[in-house]
>>> print(open('structure.cif').read())   # mmCIF, C-alpha atoms
data_upload
#
loop_
_atom_site.label_atom_id
_atom_site.label_comp_id
_atom_site.auth_asym_id
_atom_site.auth_seq_id
_atom_site.Cartn_x
_atom_site.Cartn_y
_atom_site.Cartn_z
CA MET A 94 13.89 -22.77 -3.46
CA THR A 95 13.48 -25.72 -1.10
CA TRP A 96 10.21 -27.62 -0.76
CA ILE A 97 9.81 -26.26 2.76
CA ALA A 98 10.14 -22.70 1.50
CA GLY A 99 7.80 -23.52 -1.36
CA THR A 100 5.19 -24.97 0.97
CA ALA A 101 5.51 -21.95 3.28
CA LEU A 102 5.07 -19.66 0.26
CA MET A 103 1.92 -21.48 -0.85
CA LEU A 104 0.55 -21.42 2.70
CA LEU A 105 1.13 -17.68 2.92
CA ALA A 106 -0.37 -17.11 -0.54
CA SER A 107 -3.48 -19.13 0.25
CA LEU A 108 -3.97 -17.34 3.57
CA VAL A 109 -3.60 -13.94 1.92
CA GLN A 110 -6.01 -15.05 -0.80
CA VAL A 111 -8.77 -15.88 1.68
CA THR A 112 -8.20 -12.99 4.11
CA TRP A 113 -6.86 -9.89 2.37
CA ALA A 114 -7.49 -10.43 -1.34
CA PRO A 115 -11.33 -10.42 -1.16
CA LYS A 116 -11.14 -6.81 -0.01
CA LEU A 117 -9.88 -5.98 -3.51
CA THR A 118 -12.93 -7.40 -5.28
CA VAL A 119 -13.72 -5.87 -8.68
CA LEU A 120 -16.68 -7.13 -10.76
CA GLY A 121 -16.98 -10.14 -8.48
CA ALA A 122 -13.37 -11.24 -8.94
CA PHE A 123 -10.33 -10.85 -6.73
CA PRO A 124 -6.68 -11.87 -7.10
CA ASN A 125 -6.03 -15.60 -7.25
CA LEU A 126 -2.54 -15.40 -5.77
CA VAL A 127 -2.04 -19.16 -5.63
CA LEU A 128 -2.76 -19.52 -9.34
CA VAL A 129 -0.50 -16.56 -10.17
CA ILE A 130 2.38 -18.12 -8.19
CA VAL A 131 1.83 -21.51 -9.84
CA VAL A 132 1.98 -19.86 -13.28
CA ALA A 133 5.13 -17.90 -12.30
CA VAL A 134 6.79 -21.08 -11.01
CA ALA A 135 5.88 -22.96 -14.19
CA TRP A 136 7.33 -20.13 -16.26
CA THR A 137 10.60 -19.74 -14.36
CA LYS A 138 11.29 -23.12 -12.76
CA GLY A 139 9.51 -25.64 -14.95
CA GLN A 140 6.48 -27.84 -15.07
CA ARG A 141 7.32 -30.40 -12.37
CA PRO A 142 7.75 -27.96 -9.47
CA SER A 143 4.68 -26.05 -10.58
CA LEU A 144 2.59 -29.24 -10.49
CA THR A 145 3.72 -29.90 -6.93
CA PHE A 146 3.06 -26.28 -5.93
CA ALA A 147 -0.38 -26.50 -7.56
CA CYS A 148 -1.20 -29.62 -5.57
CA ILE A 149 -0.12 -28.09 -2.24
CA GLY A 150 -1.75 -24.72 -2.90
CA GLY A 151 -4.94 -26.31 -4.17
CA LEU A 152 -5.33 -28.50 -1.11
CA LEU A 153 -4.83 -25.46 1.12
CA LEU A 154 -7.56 -23.60 -0.79
CA ASP A 155 -9.82 -26.65 -0.50
CA LEU A 156 -9.39 -26.44 3.28
CA THR A 157 -10.85 -22.93 3.26
CA SER A 158 -13.80 -23.54 0.96
CA PRO A 159 -17.01 -25.55 1.29
CA GLY A 160 -17.31 -28.99 -0.24
CA PRO A 161 -14.91 -31.89 -0.73
CA LEU A 162 -11.10 -31.70 -0.75
CA GLY A 163 -9.48 -31.83 -4.18
CA PRO A 164 -11.37 -29.61 -6.69
CA HIS A 165 -9.10 -26.56 -6.31
CA ALA A 166 -6.01 -28.77 -6.45
CA LEU A 167 -7.25 -30.42 -9.63
CA ALA A 168 -8.11 -27.05 -11.21
CA LEU A 169 -4.67 -25.66 -10.33
CA LEU A 170 -2.97 -28.80 -11.69
CA ALA A 171 -4.70 -28.18 -15.03
CA GLY A 172 -3.52 -24.56 -15.01
CA ALA A 173 0.05 -25.56 -14.10
CA TYR A 174 0.23 -28.26 -16.76
CA LEU A 175 -1.11 -25.92 -19.44
CA THR A 176 1.39 -23.19 -18.50
CA GLY A 177 4.27 -25.70 -18.49
CA PHE A 178 3.23 -26.92 -21.93
CA TRP A 179 2.96 -23.30 -23.11
CA VAL A 180 6.41 -22.24 -21.88
CA ARG A 181 8.06 -25.18 -23.67
CA ASN A 182 6.61 -24.08 -26.98
CA VAL A 183 7.14 -20.30 -27.00
CA ASP A 184 9.93 -17.82 -26.38
CA PRO A 185 9.74 -17.34 -22.60
CA ALA A 186 11.71 -14.07 -22.61
CA GLY A 187 8.91 -11.66 -23.49
CA TRP A 188 6.05 -10.47 -21.32
CA VAL A 189 3.16 -11.05 -23.68
CA GLN A 190 3.29 -14.84 -23.58
CA PRO A 191 3.09 -15.20 -19.78
CA VAL A 192 0.15 -12.79 -19.70
CA ILE A 193 -1.71 -14.81 -22.36
CA ALA A 194 -0.78 -18.06 -20.58
CA THR A 195 -2.15 -16.67 -17.31
CA ALA A 196 -5.44 -15.67 -18.94
CA VAL A 197 -5.83 -19.09 -20.52
CA SER A 198 -4.78 -20.87 -17.31
CA THR A 199 -7.37 -18.89 -15.34
CA ALA A 200 -10.04 -19.85 -17.86
CA VAL A 201 -9.02 -23.53 -17.65
CA TYR A 202 -8.87 -23.33 -13.84
CA SER A 203 -12.39 -21.88 -13.73
CA ALA A 204 -13.76 -24.40 -16.22
CA VAL A 205 -12.26 -27.36 -14.33
CA LEU A 206 -13.51 -26.02 -10.98
CA VAL A 207 -17.08 -25.51 -12.21
CA GLY A 208 -17.04 -28.73 -14.25
CA LEU A 209 -15.81 -30.78 -11.30
CA ASP A 210 -18.45 -29.29 -9.00
CA ASP A 211 -21.05 -30.28 -11.58
CA LEU A 212 -19.56 -33.77 -11.81
CA LEU A 213 -19.69 -34.14 -8.03
CA ASN A 214 -23.33 -32.96 -7.97
CA LEU A 215 -22.41 -29.77 -6.12
CA PRO A 216 -24.23 -26.49 -6.90
CA VAL A 217 -22.70 -24.53 -9.79
CA PRO A 218 -23.25 -20.93 -10.89
CA PRO A 219 -25.23 -20.26 -14.10
CA PRO A 220 -22.97 -20.53 -17.20
CA ALA A 221 -23.22 -16.83 -18.10
CA LEU A 222 -22.23 -15.79 -14.58
CA ALA A 223 -19.40 -18.33 -14.49
CA VAL A 224 -17.99 -16.91 -17.73
CA GLU A 225 -18.31 -13.35 -16.38
CA LEU A 226 -16.45 -14.27 -13.19
CA ALA A 227 -13.77 -16.19 -15.09
CA VAL A 228 -13.11 -13.26 -17.45
CA ALA A 229 -12.84 -10.81 -14.54
CA ALA A 230 -10.51 -13.18 -12.65
CA ALA A 231 -8.37 -13.68 -15.78
CA ALA A 232 -7.95 -9.91 -16.20
CA TYR A 233 -7.00 -9.54 -12.54
CA ASN A 234 -4.49 -12.39 -12.63
CA CYS A 235 -2.89 -11.06 -15.83
CA LEU A 236 -2.09 -7.82 -14.00
CA LEU A 237 -0.41 -9.71 -11.19
CA VAL A 238 1.62 -12.26 -13.11
CA LEU A 239 4.31 -9.87 -14.34
CA PRO A 240 5.32 -8.69 -10.83
CA ALA A 241 5.26 -12.35 -9.76
CA LEU A 242 7.60 -13.26 -12.63
CA LEU A 243 9.94 -10.41 -11.77
CA ALA A 244 10.01 -11.60 -8.16
CA SER A 245 10.69 -15.22 -9.08
CA ARG A 246 13.34 -14.68 -11.75
CA PRO A 247 16.26 -13.85 -9.39
CA VAL A 248 15.61 -17.19 -7.70
CA LYS A 249 16.06 -18.89 -11.05
CA ARG A 250 19.51 -17.32 -11.58
CA GLU A 251 20.72 -18.68 -8.27
CA ALA A 252 19.71 -22.21 -9.14
CA PRO A 253 22.50 -24.52 -10.36
CA ALA A 254 22.63 -25.05 -14.11
CA MET B 551 15.45 -38.53 -24.92
CA GLU B 552 13.53 -35.31 -25.34
CA ARG B 553 10.31 -37.28 -25.50
CA ARG B 554 11.15 -39.05 -22.24
CA THR B 555 11.78 -35.82 -20.33
CA GLN B 556 8.56 -34.36 -21.68
CA ALA B 557 6.56 -37.43 -20.80
CA ARG B 558 7.56 -37.35 -17.13
CA PRO B 559 5.56 -34.21 -16.18
CA THR B 560 2.59 -35.66 -18.02
CA GLY B 561 2.83 -38.82 -15.94
CA LEU B 562 3.13 -36.77 -12.74
CA PHE B 563 0.21 -34.59 -13.86
CA LEU B 564 -2.04 -37.57 -14.57
CA THR B 565 -1.05 -39.27 -11.29
CA LEU B 566 -1.76 -36.14 -9.23
CA CYS B 567 -5.04 -35.55 -11.09
CA ALA B 568 -6.16 -39.12 -10.39
CA ALA B 569 -5.17 -38.74 -6.73
CA MET B 570 -7.06 -35.44 -6.34
CA LEU B 571 -10.13 -36.80 -8.12
CA LEU B 572 -10.10 -39.82 -5.82
CA LEU B 573 -9.66 -37.55 -2.79
CA ALA B 574 -12.59 -35.39 -3.93
CA MET B 575 -14.85 -38.41 -4.33
CA VAL B 576 -13.80 -39.96 -1.02
CA SER B 577 -13.98 -36.74 1.01
CA GLN B 578 -17.47 -36.06 -0.37
CA GLN B 579 -18.87 -39.21 1.26
CA PRO B 580 -21.05 -38.65 4.33
CA TRP B 581 -18.78 -40.82 6.53
CA ALA B 582 -15.81 -38.55 5.65
CA ALA B 583 -17.58 -35.37 6.81
CA GLY B 584 -16.05 -35.58 10.31
CA PRO B 585 -12.38 -35.91 9.29
CA ARG B 586 -12.94 -33.30 6.57
CA SER B 587 -14.31 -30.81 9.08
CA TYR B 588 -11.37 -31.42 11.42
CA ALA B 589 -8.93 -30.89 8.54
CA LYS B 590 -10.64 -27.64 7.59
CA GLY B 591 -10.72 -26.51 11.21
CA ALA B 592 -6.95 -27.00 11.45
CA ILE B 593 -6.25 -24.03 9.18
CA ALA B 594 -8.69 -21.70 11.01
CA PRO B 595 -6.14 -20.51 13.65
CA LEU B 596 -3.78 -19.45 10.85
CA GLU B 597 -6.58 -17.48 9.20
CA THR B 598 -7.38 -15.82 12.54
CA ALA B 599 -3.72 -14.84 12.92
CA MET B 600 -3.67 -13.46 9.38
CA MET B 601 -6.81 -11.39 9.96
CA THR B 602 -5.35 -10.07 13.22
CA ALA B 603 -2.16 -9.12 11.40
CA SER B 604 -4.28 -7.43 8.73
CA ASP B 605 -6.10 -5.40 11.37
CA ARG B 606 -2.82 -4.42 13.06
CA ILE B 607 -1.25 -3.34 9.80
CA GLY B 608 -4.40 -1.35 9.04
CA SER B 609 -4.23 0.35 12.43
CA PHE B 610 -0.49 1.06 12.02
CA THR B 611 -0.87 2.70 8.64
CA ALA B 612 -3.89 4.66 9.83
CA VAL B 613 -1.75 6.45 12.43
CA PHE B 614 -0.18 8.58 9.69
CA GLY B 615 -3.39 10.28 8.69
CA ASP B 616 -5.44 10.00 11.86
CA ASN B 617 -7.63 7.71 9.82
CA ALA B 618 -8.29 5.36 12.71
CA ASN B 619 -10.64 7.74 14.52
CA LEU B 620 -12.44 8.71 11.35
CA ARG B 621 -12.76 5.07 10.35
CA ALA B 622 -14.12 4.07 13.76
CA GLN B 623 -16.57 6.95 13.70
CA ASN B 624 -17.61 6.08 10.17
CA GLN B 625 -18.03 2.44 11.15
CA ARG B 626 -20.15 3.42 14.16
CA LEU B 627 -22.33 5.69 12.06
CA GLN B 628 -22.72 3.01 9.41
CA GLU B 629 -23.78 0.52 12.06
CA GLN B 630 -26.28 3.00 13.49
CA ASN B 631 -27.57 3.72 10.00
CA ALA B 632 -27.92 0.01 9.25
CA ALA B 633 -29.76 -0.59 12.52
CA LEU B 634 -32.14 2.29 11.79
CA GLN B 635 -32.76 1.04 8.27
CA ARG B 636 -33.51 -2.42 9.65
CA GLN B 637 -35.99 -0.94 12.12
CA ILE B 638 -37.74 0.98 9.34
CA ALA B 639 -38.00 -2.15 7.25
CA GLU B 640 -39.32 -4.19 10.13
CA LEU B 641 -41.89 -1.52 10.98
CA GLN B 642 -43.03 -1.44 7.35
CA ALA B 643 -43.29 -5.20 7.36
CA ALA B 644 -45.12 -5.26 10.67
CA GLY B 645 -47.87 -3.17 9.13
CA GLN B 646 -48.36 -5.77 6.43
CA ASP B 647 -48.13 -8.93 8.45
CA ASN B 648 -50.82 -10.61 10.40
CA VAL B 649 -49.70 -10.60 14.05
CA ALA B 650 -52.07 -13.40 15.01
CA LEU B 651 -50.68 -15.60 12.29
CA ARG B 652 -47.18 -14.95 13.55
CA GLN B 653 -48.19 -16.02 17.03
CA ALA B 654 -49.88 -19.10 15.66
CA LEU B 655 -46.70 -20.07 13.94
CA SER B 656 -44.74 -19.44 17.17
CA PHE B 657 -42.48 -17.20 15.23
CA GLN B 658 -40.22 -14.85 17.10
CA GLN B 659 -38.89 -11.73 15.43
CA SER B 660 -35.21 -11.78 14.61
CA TYR B 661 -33.85 -10.55 17.91
CA GLY B 662 -35.96 -12.94 19.90
CA HIS B 663 -33.75 -15.76 18.66
CA SER B 664 -30.87 -17.32 20.51
CA MET B 665 -27.60 -16.34 18.84
CA VAL B 666 -23.85 -16.94 18.98
CA ALA B 667 -21.54 -14.08 18.01
CA ALA B 668 -18.71 -15.05 15.66
CA GLU B 669 -15.79 -13.25 14.10
CA VAL B 670 -15.13 -13.51 10.37
CA ILE B 671 -11.66 -15.04 9.91
CA GLY B 672 -11.60 -15.75 6.20
CA ARG B 673 -13.43 -15.72 2.91
CA GLY B 674 -13.90 -18.05 -0.04
CA PRO B 675 -10.86 -18.57 -2.30
CA ASP B 676 -12.53 -17.39 -5.52
CA GLY B 677 -15.58 -15.67 -6.96
CA PHE B 678 -17.40 -18.96 -7.49
CA SER B 679 -17.98 -19.45 -3.78
CA LEU B 680 -18.69 -16.20 -1.93
CA THR B 681 -18.45 -17.69 1.53
CA VAL B 682 -17.04 -16.45 4.83
CA GLU B 683 -15.33 -18.50 7.50
CA VAL B 684 -16.15 -17.75 11.15
CA ASP B 685 -14.38 -18.69 14.36
CA ARG B 686 -17.28 -20.57 15.96
CA GLY B 687 -18.11 -24.20 15.30
CA THR B 688 -19.81 -27.29 16.63
CA ALA B 689 -18.18 -26.77 20.04
CA ASP B 690 -20.17 -23.52 20.30
CA GLY B 691 -23.44 -25.04 19.13
CA VAL B 692 -23.09 -24.03 15.49
CA ARG B 693 -24.50 -26.60 13.03
CA PRO B 694 -24.82 -26.73 9.23
CA GLY B 695 -28.07 -25.14 8.03
CA MET B 696 -28.20 -22.50 10.76
CA VAL B 697 -29.04 -18.95 9.70
CA VAL B 698 -26.41 -16.21 10.00
CA VAL B 699 -27.27 -12.53 10.45
CA SER B 700 -25.54 -9.26 11.26
CA GLY B 701 -26.79 -6.09 12.93
CA ALA B 702 -27.97 -4.93 9.51
CA GLY B 703 -29.78 -8.08 8.39
CA LEU B 704 -29.45 -11.52 6.82
CA VAL B 705 -25.94 -12.71 5.92
CA GLY B 706 -26.50 -16.32 4.84
CA ARG B 707 -26.44 -19.86 6.10
CA VAL B 708 -23.87 -22.23 7.67
CA LEU B 709 -22.70 -24.77 5.10
CA GLU B 710 -20.12 -26.72 7.08
CA ALA B 711 -19.03 -26.68 10.70
CA ALA B 712 -15.78 -27.85 12.28
CA PRO B 713 -15.27 -27.87 16.07
CA HIS B 714 -13.98 -24.29 16.19
CA ALA B 715 -14.78 -22.89 12.74
CA ALA B 716 -17.63 -22.84 10.24
CA ILE B 717 -18.10 -21.91 6.59
CA VAL B 718 -21.06 -19.65 5.82
CA GLN B 719 -22.59 -19.28 2.37
CA THR B 720 -23.42 -15.57 1.96
CA LEU B 721 -26.37 -14.23 -0.01
CA ALA B 722 -23.89 -12.89 -2.58
CA ASP B 723 -22.81 -16.44 -3.44
CA PRO B 724 -23.88 -17.31 -7.01
CA GLN B 725 -25.53 -20.47 -5.70
CA SER B 726 -27.50 -18.71 -2.93
CA ARG B 727 -31.33 -18.69 -3.16
CA VAL B 728 -33.64 -17.01 -0.63
CA ASN B 729 -37.39 -16.51 -0.85
CA GLY B 730 -38.32 -12.95 0.05
CA TYR B 731 -41.10 -10.38 -0.15
CA LEU B 732 -41.27 -6.63 -0.49
CA ALA B 733 -42.32 -4.88 2.72
CA LYS B 734 -44.59 -2.25 1.10
CA SER B 735 -46.09 -3.97 -1.92
CA GLY B 736 -46.07 -7.49 -0.53
CA VAL B 737 -44.81 -8.92 -3.82
CA GLU B 738 -42.89 -12.17 -3.34
CA GLY B 739 -39.93 -13.53 -5.23
CA THR B 740 -36.56 -15.24 -5.11
CA VAL B 741 -33.35 -13.42 -4.25
CA THR B 742 -30.19 -14.73 -5.92
CA GLY B 743 -26.52 -13.88 -5.59
CA GLY B 744 -24.04 -13.07 -8.31
CA SER B 745 -20.98 -11.08 -9.26
CA GLY B 746 -22.48 -7.68 -8.45
CA ASP B 747 -25.69 -6.65 -6.68
CA LEU B 748 -28.25 -9.17 -5.49
CA GLN B 749 -31.01 -9.93 -8.01
CA MET B 750 -34.65 -10.67 -7.29
CA GLN B 751 -37.12 -12.41 -9.54
CA LEU B 752 -40.53 -10.93 -8.70
CA ASN B 753 -43.80 -12.77 -9.10
CA PRO B 754 -46.17 -9.93 -10.17
CA ARG B 755 -49.41 -9.55 -8.22
CA PHE B 756 -52.43 -7.66 -9.47
CA GLY B 757 -52.60 -4.17 -7.97
CA ALA B 758 -49.13 -4.29 -6.42
CA ALA B 759 -46.38 -2.10 -7.85
CA PRO B 760 -42.86 -2.85 -6.67
CA ALA B 761 -40.69 0.26 -6.56
CA ALA B 762 -37.16 1.34 -5.75
CA GLY B 763 -36.62 2.00 -2.07
CA ASP B 764 -38.85 -0.84 -0.91
CA TRP B 765 -37.34 -3.24 1.61
CA VAL B 766 -36.95 -6.96 0.97
CA LEU B 767 -37.44 -9.37 3.86
CA THR B 768 -37.34 -13.15 4.10
CA SER B 769 -40.76 -14.67 3.42
CA GLY B 770 -40.16 -17.94 5.23
CA VAL B 771 -41.44 -19.83 2.18
CA GLY B 772 -39.57 -23.10 1.80
CA GLY B 773 -38.59 -23.18 5.45
CA GLY B 774 -34.97 -22.30 4.82
CA TYR B 775 -35.08 -18.98 6.71
CA PRO B 776 -37.39 -17.51 9.34
CA ARG B 777 -39.84 -14.90 8.11
CA GLY B 778 -39.06 -11.21 8.59
CA LEU B 779 -35.27 -10.95 8.35
CA VAL B 780 -34.11 -7.90 6.41
CA ILE B 781 -32.29 -8.85 3.19
CA ALA B 782 -31.84 -5.75 1.05
CA LYS B 783 -33.32 -2.56 -0.36
CA VAL B 784 -34.70 -2.43 -3.90
CA ALA B 785 -32.37 -0.34 -6.07
CA SER B 786 -34.28 -0.63 -9.34
CA VAL B 787 -37.11 -2.64 -10.88
CA PHE B 788 -37.23 -3.92 -14.45
CA TYR B 789 -40.66 -4.70 -15.86
CA ASN B 790 -41.00 -7.08 -18.76
CA ASP B 791 -44.38 -7.34 -20.46
CA ALA B 792 -43.23 -10.38 -22.41
CA SER B 793 -42.39 -12.32 -19.27
CA THR B 794 -44.40 -13.75 -16.41
CA VAL B 795 -41.88 -12.40 -13.90
CA ASP B 796 -40.27 -9.01 -13.27
CA ARG B 797 -36.74 -8.45 -12.06
CA ALA B 798 -35.25 -6.16 -9.41
CA THR B 799 -31.71 -5.22 -8.52
CA LEU B 800 -31.12 -5.06 -4.77
CA SER B 801 -28.65 -3.26 -2.53
CA TRP B 802 -27.69 -5.83 0.07
CA VAL B 803 -27.64 -4.49 3.62
CA ASN B 804 -24.32 -6.28 4.22
CA ASP B 805 -21.06 -5.84 2.37
CA PRO B 806 -19.34 -9.26 2.28
CA ALA B 807 -15.92 -7.63 1.95
CA SER B 808 -16.31 -5.61 5.15
CA LEU B 809 -18.17 -8.10 7.37
CA THR B 810 -16.20 -8.60 10.57
CA VAL B 811 -18.69 -9.90 13.14
CA VAL B 812 -21.80 -12.00 12.52
CA LEU B 813 -24.45 -13.72 14.65
CA VAL B 814 -25.40 -17.38 14.16
CA VAL B 815 -29.06 -18.08 14.99
CA THR B 816 -28.84 -21.33 16.93
CA ASP B 817 -32.52 -21.95 17.64
CA PHE B 818 -33.82 -22.04 14.09
CA THR B 819 -33.39 -25.13 11.97
CA ALA B 820 -34.22 -25.15 8.29
CA SER B 821 -37.09 -27.50 7.53
#
>>> encode(input="structure.cif", output="structure tokens")
Amino acid sequence: MTWIAGTALMLLASLVQVTWAPKLTVLGAFPNLVLVIVVAVAWTKGQRPSLTFACIGGLLLDLTSPGPLGPHALALLAGAYLTGFWVRNVDPAGWVQPVIATAVSTAVYSAVLVGLDDLLNLPVPPPALAVELAVAAAAYNCLLVLPALLASRPVKREAPA
Amino acid sequence: MERRTQARPTGLFLTLCAAMLLLAMVSQQPWAAGPRSYAKGAIAPLETAMMTASDRIGSFTAVFGDNANLRAQNQRLQEQNAALQRQIAELQAAGQDNVALRQALSFQQSYGHSMVAAEVIGRGPDGFSLTVEVDRGTADGVRPGMVVVSGAGLVGRVLEAAPHAAIVQTLADPQSRVNGYLAKSGVEGTVTGGSGDLQMQLNPRFGAAPAAGDWVLTSGVGGGYPRGLVIAKVASVFYNDASTVDRATLSWVNDPASLTVVLVVTDFTAS
């Protein structure tokens, strides 16, 4: 996958996330497609590309949300780094590990996002509500990561060894 | 060798983190608000195109089951129902309010305000910020702090405005706070957002009994919103003898997931 294709993919994912995905809201959470793609890229293509994808996707999400530019990118970078670290230390063939990694990455993403907002003196949700939203988002993202992995794996086979 | 290859992503990670943290701190400065708004406005046309595509796909798939007509009829009936509910709430409130006081405060009822119609082109990227993006901005007279309503009632407030787009914080946003009162009982309180229904912390008043079915309107306390805008209907009330406040769950008159057109009140500025 070229960087142009990757950027186009992240642009499409971020646009879908802010236009279509909120219609699928359950318990206050809806699919975080950008995070799911970043996790899938980290799992199938490695940590470096996923960090770049996280940066691009995060900046695009920052452009659609209130507040300064950077918090979503930073939160996604944390999720990408954690997933890359995870995949290096487990057997990547199964389906349980990516699901757990996605849940943990979503939790880290949420914690970084809320923590950074607090650091920047921006309003933050009450802790109990933040945890509730993070858990719901983690469950949602776990459902989506397996199809995303299946979609990204053929790309990996085409890549030169 | 293995250690070197593993260290490289860490270096890249730390560099990108430092860059994003720096960007966040710089873009938060007041002098960066202009360029930031322009940058955010640049993506608005793409969101508009995506929403249009969404609508077209929805219309295309609806052809198979003749859903389009039913959906339009349902939408029309829902709008009529919402308008009627708003009228009932306003009539209930009118009976409670002092008309002379309203005149003294030069307050105009909601539809006496000057408004700009705007189409919803996007929503917040996660559950932590339940915002909507609209296709009107500073070029259309929209400014941060302006109140946003729909035909059914209060939607929220403009947080940021670019030349041709603006981000609106909805009442469902976890950080949203609105002072309101119950139309029948007159009890006041604070309405907050969250993951599910709106919540209201009620300040009990002797002789007043809040009940399900009562309408909640903006009280105007705090100066953030004009008095008398319909917020929600009380779904249930929870009394707590051990607490100085009671709590109510509200059914918001707007559904953030299905909002398509909103009105920005351009002649009211939060004090």
>>> resolve_selection(input="structure.cif", expression="the PyMOL selection byres ((chain B) within 6 of (chain A))", output="PDB file with C-alpha atoms, in the frame of the given file")
ATOM      1  CA  PRO B 559       5.560 -34.210 -16.180  1.00  0.00           C
ATOM      2  CA  CYS B 567      -5.040 -35.550 -11.090  1.00  0.00           C
ATOM      3  CA  MET B 570      -7.060 -35.440  -6.340  1.00  0.00           C
ATOM      4  CA  LEU B 573      -9.660 -37.550  -2.790  1.00  0.00           C
ATOM      5  CA  ALA B 574     -12.590 -35.390  -3.930  1.00  0.00           C
ATOM      6  CA  SER B 577     -13.980 -36.740   1.010  1.00  0.00           C
ATOM      7  CA  GLN B 578     -17.470 -36.060  -0.370  1.00  0.00           C
ATOM      8  CA  LYS B 590     -10.640 -27.640   7.590  1.00  0.00           C
ATOM      9  CA  GLY B 672     -11.600 -15.750   6.200  1.00  0.00           C
ATOM     10  CA  ARG B 673     -13.430 -15.720   2.910  1.00  0.00           C
ATOM     11  CA  GLY B 674     -13.900 -18.050  -0.040  1.00  0.00           C
ATOM     12  CA  PRO B 675     -10.860 -18.570  -2.300  1.00  0.00           C
ATOM     13  CA  GLY B 677     -15.580 -15.670  -6.960  1.00  0.00           C
ATOM     14  CA  PRO B 724     -23.880 -17.310  -7.010  1.00  0.00           C
ATOM     15  CA  GLN B 725     -25.530 -20.470  -5.700  1.00  0.00           C
ATOM     16  CA  SER B 745     -20.980 -11.080  -9.260  1.00  0.00           C
ATOM     17  CA  ALA B 807     -15.920  -7.630   1.950  1.00  0.00           C
TER      18      ALA B 807
END
>>> resolve_selection(input="structure.cif", expression="the PyMOL selection byres ((chain B and resi 748) around 12)", output="ChimeraX atom specification")
/A:121 /B:720-728,740-747,749-751,766,781-786,797-806
>>> resolve_selection(input="structure.cif", expression="the PyMOL selection byres ((chain A and resi 234-241) around 10)", output="PyMOL selection string")
chain A and resi 122-126+128-134+188-189+191-199+228-233+242-246
>>> residues_around(input="structure.cif", residues="B:Ser821", least_positions_apart="6", cutoff="9 Å", atoms="only C-alpha atoms", output="PyMOL selection string")
chain B and resi 772-775
>>> residues_around(input="structure.cif", residues="B:Thr794", least_positions_apart="2", cutoff="9 Å", atoms="all atoms listed in the file", output="list of chain:residue names")
B:Asn753, B:Pro754, B:Asn790, B:Asp791, B:Ala792, B:Asp796
>>> axis_aligned_box(input="structure.cif", around="stretch 804-821 of chain B", padding_each_side="5 Å", output="lines of an AutoDock Vina configuration file")
center_x = -26.5
center_y = -16.6
center_z = 9.8
size_x = 31.2
size_y = 31.9
size_z = 25.7
>>> residues_around(input="structure.cif", residues="B:Pro694", least_positions_apart="3", cutoff="8 Å", atoms="only C-alpha atoms", output="NGL selection string")
:B and (707-711)
>>> write_last_selection(input="structure.cif", atoms="C-alpha atoms", output="JSON list (two decimals), in the coordinates of the input")
[["chain", "number", "residue", "atom", "x", "y", "z"],
["B", 707, "ARG", "CA", -26.44, -19.86, 6.10],
["B", 708, "VAL", "CA", -23.87, -22.23, 7.67],
["B", 709, "LEU", "CA", -22.70, -24.77, 5.10],
["B", 710, "GLU", "CA", -20.12, -26.72, 7.08],
["B", 711, "ALA", "CA", -19.03, -26.68, 10.70]]
>>> atom_distance(input="structure.cif", atom1="atom CA of B:Gln623", atom2="atom CA of B:Ala639")
24.2 Å
>>> atom_distance(input="structure.cif", atom1="atom CA of B:Ala689", atom2="atom CA of B:Ala716")
10.6 Å
>>> atom_distance(input="structure.cif", atom1="atom CA of B:Thr768", atom2="atom CA of B:Asn729")
6.0 Å
>>> residues_around(input="structure.cif", residues="B:Tyr588", least_positions_apart="3", cutoff="9 Å", atoms="all atoms listed in the file", output="ChimeraX atom specification")
/B:583-585,591-592,712-714
